[in-house]
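What follows is one structure encoded as structure tokens, with my remarks underneath.
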There are 2 protein chains.
Amino acid sequence: MQVVAEKGFDEASLKEIAETAGFTIGAVYSNFASKDDLFTDLLAERSNPKHVEAAAILAHPDASANDVRAALDRLLVDAADQESDLGPLQAEIWLYAIRRPELQQRLADQFRDRRESLIESMAFRTQGNEAVTADLSDLATVLMALYQGFVQLRRADPSLVPPGLYGTAAHWLFNGILSSSGGER
Amino acid sequence: MQVVAEKGFDEASLKEIAETAGFTIGAVYSNFASKDDLFTDLLAERSNPKHVEAAAILAHPDASANDVRAALDRLLVDAADQESDLGPLQAEIWLYAIRRPELQQRLADQFRDRRESLIESMAFRTQGNEAVTADLSDLATVLMALYQGFVQLRRADPSLVPPGLYGTAAHWLFNGILSSSGGER
DNA sequence: GTCTATAAGACGATAGAC
DNA sequence: GTCTATCGTCTTATAGAC
């Protein structure tokens, strides 16, 4: 995955992948049937733990609104800056999956699962607030899409995405839902 | 660009690229020095007209809030569904550019230009509204990131992004900014 | 400017020794 | 289960005729 993130799937030769892992090509082929098989296997192992983290914070009953905003920002900065591989890797996986019909469904399911855990976490914090509850699924979708977009913008140039903007945007969305529920939608 | 979108940069062989264009490999090499040269040249020609379109609608003084929401949704649906190449192509370009330091700056500039035209369009509609004007740049950044994320989610599975959600999200953000400007931010 | 033919090399994948 | 050595194929890029 490290080599694929750096070079791209096709430019990542099995020789380099094997040697990065401390093996030779032969060793790889005794464990995997093909390069595609290797990639799809590693893909299955790789569940996305980041959004679960955020969901855990969102779900924490003592967390204040500011805690949530700070958690979202930390999530973004960690992903885009510290783990600088994450953006390219996700793009590679996305491209790989949408071009293979049998994987496209799995990718969609993955997105759906992440959204579901986000919804559950947020539901815990917004129960009793009907206005927000009704739009919870849409809000989760927006937060996920925004995260993806921010990671890519930030990778092109960190100064494009001011620090704290992810949390601020979430704040705007939340308030926007509240103030929209009264009038027309 | 069509072949690159379908197969990916590496899997798009010069033979297929040439034949798709109705030429042979030799003809390509009499016009371009290398495959990278071909791609970067085509990359430069390809300016993104879509956001300009949206900006034009946003800038129209007679446009109602509903017109703007409808325009944003049309923008998304057109991009993700009709031009189904756009998502993969943008991902390919992004990956290609962030891996080449000399292109990364050009990519960042492109993002900055698009944001600038979005800001100008919106400024025309929000003049006099200080609360929104102050956050215009951030709002534009959020709308751009959201657009990118939506296109990718929708390509994995259209039902992940309900119709109208882009416009709704923009509506929430706008209202959120208005209601946030009074209290703490 | 575009073609055909070809060069040089890298790649994924396999065979067989250990 | 991992190694070395090798096979066939495909690729980018070039040379030279037209």
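As shown in the structure tokens, the chain order sets the letters A, B, ...; within each chain, residues go from 1, and ligands are also counted from 1 in the order they appear.
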Counting only C-alpha atoms (C1' of nucleotides), which residues of chain B sit at most 9 Å from some atom of chain C, and what is each one's closest atom pair with its distance in Å to one decimal, listed by chain and rising residue number, as JSON lines?
{"residue": "B:Phe23", "atom": "CA", "partner": "C:DT2", "partner_atom": "C1'", "distance": 8.1}
{"residue": "B:Thr24", "atom": "CA", "partner": "C:DC3", "partner_atom": "C1'", "distance": 7.7}
{"residue": "B:Gly26", "atom": "CA", "partner": "C:DT2", "partner_atom": "C1'", "distance": 6.9}
{"residue": "B:Ala27", "atom": "CA", "partner": "C:DT2", "partner_atom": "C1'", "distance": 5.4}
{"residue": "B:Ser30", "atom": "CA", "partner": "C:DG1", "partner_atom": "C1'", "distance": 7.2}
{"residue": "B:Asn31", "atom": "CA", "partner": "C:DG1", "partner_atom": "C1'", "distance": 8.8}
Taking all heavy atoms for each residue, export the selection above as a PDB file, in the first residue's frame.
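Result file follows (result-v4.pdb):
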ATOM      1  N   PHE B  23      -5.176   8.356 -35.285  1.00  0.00           N
ATOM      2  CA  PHE B  23      -3.802   8.448 -35.787  1.00  0.00           C
ATOM      3  C   PHE B  23      -3.012   7.209 -35.394  1.00  0.00           C
ATOM      4  O   PHE B  23      -3.578   6.257 -34.846  1.00  0.00           O
ATOM      5  CB  PHE B  23      -3.110   9.695 -35.232  1.00  0.00           C
ATOM      6  CG  PHE B  23      -3.703  10.979 -35.729  1.00  0.00           C
ATOM      7  CD1 PHE B  23      -4.678  11.636 -34.984  1.00  0.00           C
ATOM      8  CD2 PHE B  23      -3.295  11.522 -36.931  1.00  0.00           C
ATOM      9  CE1 PHE B  23      -5.234  12.824 -35.444  1.00  0.00           C
ATOM     10  CE2 PHE B  23      -3.844  12.702 -37.400  1.00  0.00           C
ATOM     11  CZ  PHE B  23      -4.818  13.353 -36.656  1.00  0.00           C
ATOM     12  N   THR B  24      -1.734   7.236 -35.667  1.00  0.00           N
ATOM     13  CA  THR B  24      -0.844   6.157 -35.237  1.00  0.00           C
ATOM     14  C   THR B  24       0.159   6.711 -34.233  1.00  0.00           C
ATOM     15  O   THR B  24       0.237   7.922 -34.008  1.00  0.00           O
ATOM     16  CB  THR B  24      -0.074   5.577 -36.428  1.00  0.00           C
ATOM     17  OG1 THR B  24       0.652   6.637 -37.051  1.00  0.00           O
ATOM     18  CG2 THR B  24      -1.019   4.932 -37.428  1.00  0.00           C
ATOM     19  N   GLY B  26       3.334   6.975 -34.453  1.00  0.00           N
ATOM     20  CA  GLY B  26       4.289   7.880 -35.099  1.00  0.00           C
ATOM     21  C   GLY B  26       3.779   9.303 -35.173  1.00  0.00           C
ATOM     22  O   GLY B  26       4.523  10.255 -34.931  1.00  0.00           O
ATOM     23  N   ALA B  27       2.488   9.438 -35.481  1.00  0.00           N
ATOM     24  CA  ALA B  27       1.918  10.780 -35.587  1.00  0.00           C
ATOM     25  C   ALA B  27       1.946  11.500 -34.245  1.00  0.00           C
ATOM     26  O   ALA B  27       2.188  12.713 -34.177  1.00  0.00           O
ATOM     27  CB  ALA B  27       0.486  10.693 -36.111  1.00  0.00           C
ATOM     28  N   SER B  30       5.397  12.850 -33.491  1.00  0.00           N
ATOM     29  CA  SER B  30       5.837  13.990 -34.306  1.00  0.00           C
ATOM     30  C   SER B  30       5.255  15.284 -33.758  1.00  0.00           C
ATOM     31  O   SER B  30       5.634  16.379 -34.160  1.00  0.00           O
ATOM     32  CB  SER B  30       5.434  13.795 -35.765  1.00  0.00           C
ATOM     33  OG  SER B  30       4.091  14.134 -35.961  1.00  0.00           O
ATOM     34  N   ASN B  31       4.312  15.160 -32.812  1.00  0.00           N
ATOM     35  CA  ASN B  31       3.701  16.350 -32.206  1.00  0.00           C
ATOM     36  C   ASN B  31       4.026  16.529 -30.739  1.00  0.00           C
ATOM     37  O   ASN B  31       3.916  17.639 -30.206  1.00  0.00           O
ATOM     38  CB  ASN B  31       2.173  16.291 -32.360  1.00  0.00           C
ATOM     39  CG  ASN B  31       1.741  16.537 -33.797  1.00  0.00           C
ATOM     40  OD1 ASN B  31       1.691  17.661 -34.250  1.00  0.00           O
ATOM     41  ND2 ASN B  31       1.464  15.459 -34.513  1.00  0.00           N
TER      42      ASN B  31
END
Enumerate as a ChimeraX atom specification the residues belonging to chain A that approach chain B to within 6 Å, with only C-alpha atoms taken into account.
/A:108,145-146,148-150,156-157,172-173,175-177
Generate a file of the selected residues that holds all heavy atoms, formatted as a short mmCIF file (atom, residue, chain, number, x, y, z; two decimals), in the first residue's frame.
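So the final result, stored in result_32.cif, reads:
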data_model
loop_
_atom_site.label_atom_id
_atom_site.label_comp_id
_atom_site.auth_asym_id
_atom_site.auth_seq_id
_atom_site.Cartn_x
_atom_site.Cartn_y
_atom_site.Cartn_z
N ALA A 108 -19.11 1.05 -2.54
CA ALA A 108 -20.34 1.74 -2.14
C ALA A 108 -20.78 1.28 -0.74
O ALA A 108 -21.18 2.10 0.09
CB ALA A 108 -21.44 1.47 -3.16
N ALA A 145 -18.45 13.77 2.28
CA ALA A 145 -18.01 14.34 1.01
C ALA A 145 -17.04 15.51 1.25
O ALA A 145 -16.02 15.64 0.58
CB ALA A 145 -19.21 14.81 0.20
N LEU A 146 -17.38 16.31 2.24
CA LEU A 146 -16.55 17.47 2.56
C LEU A 146 -15.16 17.04 3.01
O LEU A 146 -14.15 17.64 2.62
CB LEU A 146 -17.24 18.28 3.67
CG LEU A 146 -16.77 19.70 3.91
CD1 LEU A 146 -16.79 20.51 2.63
CD2 LEU A 146 -17.64 20.37 4.97
N GLN A 148 -13.53 14.26 2.17
CA GLN A 148 -12.80 13.82 0.97
C GLN A 148 -12.27 15.01 0.18
O GLN A 148 -11.11 15.03 -0.24
CB GLN A 148 -13.73 13.00 0.05
CG GLN A 148 -14.26 11.72 0.67
CD GLN A 148 -13.55 10.51 0.12
OE1 GLN A 148 -12.32 10.44 0.13
NE2 GLN A 148 -14.32 9.55 -0.34
N GLY A 149 -13.13 15.98 -0.03
CA GLY A 149 -12.73 17.15 -0.80
C GLY A 149 -11.64 17.96 -0.12
O GLY A 149 -10.68 18.40 -0.76
N PHE A 150 -11.77 18.13 1.18
CA PHE A 150 -10.77 18.88 1.94
C PHE A 150 -9.40 18.22 1.87
O PHE A 150 -8.37 18.88 1.69
CB PHE A 150 -11.20 19.01 3.40
CG PHE A 150 -12.05 20.21 3.67
CD1 PHE A 150 -12.92 20.23 4.77
CD2 PHE A 150 -12.01 21.34 2.87
CE1 PHE A 150 -13.71 21.35 5.04
CE2 PHE A 150 -12.80 22.45 3.13
CZ PHE A 150 -13.64 22.44 4.21
N ALA A 156 -3.05 19.46 -2.36
CA ALA A 156 -2.54 20.31 -3.45
C ALA A 156 -1.82 21.53 -2.85
O ALA A 156 -0.76 21.93 -3.32
CB ALA A 156 -3.67 20.75 -4.35
N ASP A 157 -2.42 22.09 -1.82
CA ASP A 157 -1.80 23.24 -1.15
C ASP A 157 -2.50 23.45 0.20
O ASP A 157 -3.67 23.84 0.23
CB ASP A 157 -1.94 24.50 -2.00
CG ASP A 157 -1.20 25.69 -1.38
OD1 ASP A 157 -0.80 25.59 -0.21
OD2 ASP A 157 -1.02 26.70 -2.08
N TRP A 172 -21.60 25.52 10.81
CA TRP A 172 -22.54 26.21 9.90
C TRP A 172 -23.67 25.28 9.48
O TRP A 172 -24.84 25.67 9.49
CB TRP A 172 -21.80 26.69 8.64
CG TRP A 172 -20.92 27.88 8.87
CD1 TRP A 172 -20.97 28.76 9.92
CD2 TRP A 172 -19.86 28.34 8.02
NE1 TRP A 172 -20.00 29.72 9.79
CE2 TRP A 172 -19.31 29.49 8.62
CE3 TRP A 172 -19.32 27.90 6.81
CZ2 TRP A 172 -18.24 30.20 8.06
CZ3 TRP A 172 -18.27 28.60 6.25
CH2 TRP A 172 -17.74 29.74 6.87
N LEU A 173 -23.31 24.06 9.11
CA LEU A 173 -24.33 23.11 8.64
C LEU A 173 -25.35 22.83 9.73
O LEU A 173 -26.56 22.85 9.49
CB LEU A 173 -23.65 21.80 8.21
CG LEU A 173 -22.88 21.87 6.89
CD1 LEU A 173 -21.95 20.68 6.74
CD2 LEU A 173 -23.84 21.96 5.71
N ASN A 175 -26.12 24.65 12.41
CA ASN A 175 -26.95 25.83 12.63
C ASN A 175 -27.89 26.09 11.47
O ASN A 175 -29.02 26.52 11.65
CB ASN A 175 -26.06 27.07 12.84
CG ASN A 175 -25.56 27.17 14.28
OD1 ASN A 175 -25.86 26.31 15.10
ND2 ASN A 175 -24.80 28.22 14.56
N GLY A 176 -27.39 25.81 10.28
CA GLY A 176 -28.21 26.01 9.09
C GLY A 176 -29.43 25.11 9.09
O GLY A 176 -30.53 25.54 8.71
N ILE A 177 -29.25 23.88 9.51
CA ILE A 177 -30.38 22.95 9.58
C ILE A 177 -31.40 23.45 10.59
O ILE A 177 -32.61 23.46 10.33
CB ILE A 177 -29.89 21.54 9.97
CG1 ILE A 177 -29.06 20.94 8.84
CG2 ILE A 177 -31.08 20.63 10.29
CD1 ILE A 177 -28.45 19.60 9.18
#
Output as a Markdown table one row per residue of chain B within 8 Å of chain D: the closest atom pair and its distance in Å to one decimal place, counting only C-alpha atoms (C1' of nucleotides), sorted by chain and residue number ascending.
| residue | atom | partner | partner_atom | distance |
| --- | --- | --- | --- | --- |
| B:Ser13 | CA | D:DT11 | C1' | 7.6 |
| B:Ser34 | CA | D:DA13 | C1' | 7.9 |
| B:Lys35 | CA | D:DT12 | C1' | 8.0 |
Just how far from atom CA of Gly167 of chain B is atom CA of Ala71 of chain B, in Å to one decimal?
7.9 Å
Please return, as a count of residues only, all residues of segment 38-175 of chain A that DSSP assigns to alpha helix (DSSP H) on the basis of the backbone.
107
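The interatomic distance for the pair atom CA of Ala79 of chain A and atom CA of His51 of chain A works out to 10.6 Å.
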List as a list in words the protein and nucleic acid residues near Asp67 of chain B, meaning an atom at most 12 Å away when only C-alpha atoms (C1' of nucleotides) are counted, but skip any in the same chain fewer than 6 places from it.
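With the cut-off at 12 Å, the set is Ala54, Ala56, Ile57, Leu58, Ala59, His60, Pro61, Asp73, Arg74, Gly167 and His171 of chain B.
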For the selection just defined, write its residues with N, CA and C atoms to a file, as a PDB file, in the first residue's frame.
ATOM      1  N   ALA B  54     -21.509  27.785 -13.202  1.00  0.00           N
ATOM      2  CA  ALA B  54     -22.212  27.981 -11.935  1.00  0.00           C
ATOM      3  C   ALA B  54     -22.025  29.407 -11.437  1.00  0.00           C
ATOM      4  N   ALA B  56     -21.563  31.986 -13.168  1.00  0.00           N
ATOM      5  CA  ALA B  56     -22.370  32.894 -13.975  1.00  0.00           C
ATOM      6  C   ALA B  56     -23.797  32.971 -13.442  1.00  0.00           C
ATOM      7  N   ILE B  57     -24.322  31.830 -13.057  1.00  0.00           N
ATOM      8  CA  ILE B  57     -25.686  31.804 -12.531  1.00  0.00           C
ATOM      9  C   ILE B  57     -25.755  32.496 -11.178  1.00  0.00           C
ATOM     10  N   LEU B  58     -24.763  32.197 -10.343  1.00  0.00           N
ATOM     11  CA  LEU B  58     -24.718  32.846  -9.029  1.00  0.00           C
ATOM     12  C   LEU B  58     -24.657  34.358  -9.179  1.00  0.00           C
ATOM     13  N   ALA B  59     -23.947  34.798 -10.224  1.00  0.00           N
ATOM     14  CA  ALA B  59     -23.710  36.224 -10.392  1.00  0.00           C
ATOM     15  C   ALA B  59     -24.923  36.957 -10.972  1.00  0.00           C
ATOM     16  N   HIS B  60     -25.830  36.197 -11.564  1.00  0.00           N
ATOM     17  CA  HIS B  60     -26.976  36.835 -12.206  1.00  0.00           C
ATOM     18  C   HIS B  60     -27.841  37.550 -11.172  1.00  0.00           C
ATOM     19  N   PRO B  61     -28.034  38.853 -11.344  1.00  0.00           N
ATOM     20  CA  PRO B  61     -28.715  39.633 -10.309  1.00  0.00           C
ATOM     21  C   PRO B  61     -30.178  39.260 -10.121  1.00  0.00           C
ATOM     22  N   ASP B  73     -27.374  22.009  -8.166  1.00  0.00           N
ATOM     23  CA  ASP B  73     -27.739  20.603  -8.337  1.00  0.00           C
ATOM     24  C   ASP B  73     -27.533  20.130  -9.768  1.00  0.00           C
ATOM     25  N   ARG B  74     -27.916  20.992 -10.714  1.00  0.00           N
ATOM     26  CA  ARG B  74     -27.734  20.639 -12.117  1.00  0.00           C
ATOM     27  C   ARG B  74     -26.250  20.425 -12.407  1.00  0.00           C
ATOM     28  N   GLY B 167     -27.619  21.509  -3.439  1.00  0.00           N
ATOM     29  CA  GLY B 167     -28.327  22.769  -3.209  1.00  0.00           C
ATOM     30  C   GLY B 167     -28.759  22.920  -1.765  1.00  0.00           C
ATOM     31  N   HIS B 171     -27.655  25.758   0.961  1.00  0.00           N
ATOM     32  CA  HIS B 171     -28.679  26.501   1.706  1.00  0.00           C
ATOM     33  C   HIS B 171     -28.381  26.465   3.203  1.00  0.00           C
TER      34      HIS B 171
END
Distance in Å - atom CA of Leu43 of chain A versus atom CA of Met1 of chain A
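Between atom CA of Leu43 of chain A and atom CA of Met1 of chain A the gap is 8.5 Å.
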